[in-house]
Amino acid sequence: MLTAKQSDHNNSTLFHEQTDVEKQESQSKKIASITRFDSQASTTAILQDESKHDSTTYEDDRAPWLVRHVPPGINGLSLGLIGLGSIFFEFEYEIQHDTFNINYIIQILAWCSVCLGGTIFFFFCMRIVIHPQFALLELKVPVSISAYGAWHVVYLFVCARLIHERFRAYSAASILWYIGAILQVILISVFFHACWKTKTYPEPFWNPPTINCAVVAIAGCLIGASPTHWLVLGSFIYALVLQILLVPPQVYRVLRRSEPDKQVAPSASVGMMQAPASLNAL
């Protein structure tokens, strides 16, 4: 009788140990899938897991409107539109002989681009403020943090191009620039921590939250800071050092294209390798 009880106890213990091992394997597979797929899919996977424990993140298995329709990846579109508007503004400055009202057309194109990009930027800022729990979950995933790097670049150009140049709010632009520099330090720290935890090695999507810290220097010059200002010079040198350290392993892994557990730089994400090229052009 005692032997039968001991056998039942041993079987129960073995069953619980197997269950724990299966849970650990399932969790590791989730982490691997998070680092493999795009930011929207990975964030959805995290939220579906978190919804079992926190009713504030999901309600009736549906995310809020802003979360569903304004994903982190949309910041790339916002950055492109803001950059296009900036180019049009530069054309406006360069054109001196306006015989065919070209300046008028360029101004319309510039403001259309800026307004569209600014609208996307505004909605994403509202998304962060209204639904911060989703932002906190996304900041656990390296691919999602990369999209926040693009948002940070848009923030700096809004400070420099709109608040400083167009609205002439010089003090506000300077304060927001310093805040942007602090956000850059926080963002890159969170990114490296997430990459360390998920064992994510250098890929092209590493560039927005790391090498693009040079935008802090560019925005500083646009708002009137001296090129020798400690923050301008420090940010630019920091970006160059990161480029030297991160780009070679990125190139090596992209050329290999695939690894045993994942595909490196799938689809068009290899285009993020243009960020170091832009930095070299400066």
# chains A, B, ... in the order shown; residues from 1 in each chain; ligands from 1
>>> residues_around(residues="range 199-216 of chain A", least_positions_apart="2", cutoff="9 Å", atoms="only C-alpha atoms", output="MDAnalysis selection string")
chainID A and resid 35 142:143 145:150 152:153 156:157 177:178 180:181 184:185 187:188 191 194:197 218:221 231:232 235:243 246:247 249:251 253:254 264:265 269:276 279
>>> closest_atom_pairs(of="range 81-178 of chain A", to="range 69-75 of chain A", cutoff="8 Å", atoms="only C-alpha atoms", output="Markdown table")
| residue | atom | partner | partner_atom | distance |
| --- | --- | --- | --- | --- |
| A:Ile120 | CA | A:Asn75 | CA | 7.4 |
| A:Phe121 | CA | A:Asn75 | CA | 7.0 |
| A:Phe123 | CA | A:Val70 | CA | 7.2 |
| A:Phe124 | CA | A:Val70 | CA | 6.3 |
| A:Arg127 | CA | A:Val70 | CA | 7.6 |
| A:Ser144 | CA | A:Pro72 | CA | 6.5 |
| A:Ala147 | CA | A:Gly73 | CA | 5.3 |
| A:Tyr148 | CA | A:Pro72 | CA | 6.6 |
| A:Ala150 | CA | A:Asn75 | CA | 5.7 |
| A:Trp151 | CA | A:Asn75 | CA | 5.3 |
| A:Val154 | CA | A:Asn75 | CA | 7.9 |
>>> write_last_selection(atoms="N, CA, C and O atoms", output="PDB file, in the first residue's frame")
ATOM      1  N   ILE A 120       0.198  62.099 -38.484  1.00  0.00           N
ATOM      2  CA  ILE A 120       0.563  60.747 -38.047  1.00  0.00           C
ATOM      3  C   ILE A 120       1.330  60.814 -36.726  1.00  0.00           C
ATOM      4  O   ILE A 120       1.078  60.033 -35.799  1.00  0.00           O
ATOM      5  N   PHE A 121       2.265  61.747 -36.651  1.00  0.00           N
ATOM      6  CA  PHE A 121       3.053  61.928 -35.432  1.00  0.00           C
ATOM      7  C   PHE A 121       2.149  62.263 -34.246  1.00  0.00           C
ATOM      8  O   PHE A 121       2.312  61.719 -33.142  1.00  0.00           O
ATOM      9  N   PHE A 123      -1.103  61.566 -33.834  1.00  0.00           N
ATOM     10  CA  PHE A 123      -1.925  60.422 -33.443  1.00  0.00           C
ATOM     11  C   PHE A 123      -1.106  59.383 -32.684  1.00  0.00           C
ATOM     12  O   PHE A 123      -1.606  58.748 -31.747  1.00  0.00           O
ATOM     13  N   PHE A 124       0.154  59.202 -33.089  1.00  0.00           N
ATOM     14  CA  PHE A 124       0.972  58.232 -32.361  1.00  0.00           C
ATOM     15  C   PHE A 124       1.303  58.746 -30.966  1.00  0.00           C
ATOM     16  O   PHE A 124       1.364  57.962 -30.010  1.00  0.00           O
ATOM     17  N   ARG A 127      -1.616  58.049 -28.942  1.00  0.00           N
ATOM     18  CA  ARG A 127      -1.653  56.611 -28.645  1.00  0.00           C
ATOM     19  C   ARG A 127      -0.794  56.288 -27.429  1.00  0.00           C
ATOM     20  O   ARG A 127      -1.180  55.495 -26.565  1.00  0.00           O
ATOM     21  N   SER A 144      10.065  46.505 -32.336  1.00  0.00           N
ATOM     22  CA  SER A 144       9.145  47.603 -32.051  1.00  0.00           C
ATOM     23  C   SER A 144       9.898  48.847 -31.591  1.00  0.00           C
ATOM     24  O   SER A 144       9.531  49.968 -31.941  1.00  0.00           O
ATOM     25  N   ALA A 147      10.993  51.056 -34.367  1.00  0.00           N
ATOM     26  CA  ALA A 147       9.982  51.986 -34.873  1.00  0.00           C
ATOM     27  C   ALA A 147       9.882  53.223 -33.987  1.00  0.00           C
ATOM     28  O   ALA A 147       9.638  54.332 -34.474  1.00  0.00           O
ATOM     29  N   TYR A 148      10.091  53.059 -32.691  1.00  0.00           N
ATOM     30  CA  TYR A 148      10.097  54.217 -31.792  1.00  0.00           C
ATOM     31  C   TYR A 148      11.309  55.105 -32.071  1.00  0.00           C
ATOM     32  O   TYR A 148      11.279  56.302 -31.795  1.00  0.00           O
ATOM     33  N   ALA A 150      12.339  55.807 -35.082  1.00  0.00           N
ATOM     34  CA  ALA A 150      11.858  56.693 -36.157  1.00  0.00           C
ATOM     35  C   ALA A 150      10.964  57.792 -35.585  1.00  0.00           C
ATOM     36  O   ALA A 150      11.031  58.947 -36.024  1.00  0.00           O
ATOM     37  N   TRP A 151      10.138  57.437 -34.604  1.00  0.00           N
ATOM     38  CA  TRP A 151       9.296  58.449 -33.952  1.00  0.00           C
ATOM     39  C   TRP A 151      10.163  59.521 -33.300  1.00  0.00           C
ATOM     40  O   TRP A 151       9.839  60.716 -33.353  1.00  0.00           O
ATOM     41  N   VAL A 154      11.407  61.994 -35.884  1.00  0.00           N
ATOM     42  CA  VAL A 154      10.335  62.923 -36.263  1.00  0.00           C
ATOM     43  C   VAL A 154      10.176  63.998 -35.185  1.00  0.00           C
ATOM     44  O   VAL A 154      10.019  65.186 -35.491  1.00  0.00           O
TER      45      VAL A 154
END
>>> closest_residue(among="A:Val190, A:Leu245, A:Leu162, A:Ile128", to="Ala110 in chain A", atoms="only C-alpha atoms")
A:Leu162
>>> atom_distance(atom1="CA of Leu84 in chain A", atom2="CA of Ile186 in chain A")
27.7 Å
>>> atom_distance(atom1="CA of Tyr155 in chain A", atom2="CA of Ile130 in chain A")
18.1 Å
>>> closest_residue(among="A:Glu90, A:Phe134, A:Leu255, A:Ile163", to="Asn103 in chain A", atoms="only C-alpha atoms")
A:Glu90
>>> atom_distance(atom1="CA of Gly118 in chain A", atom2="CA of Phe167 in chain A")
14.5 Å
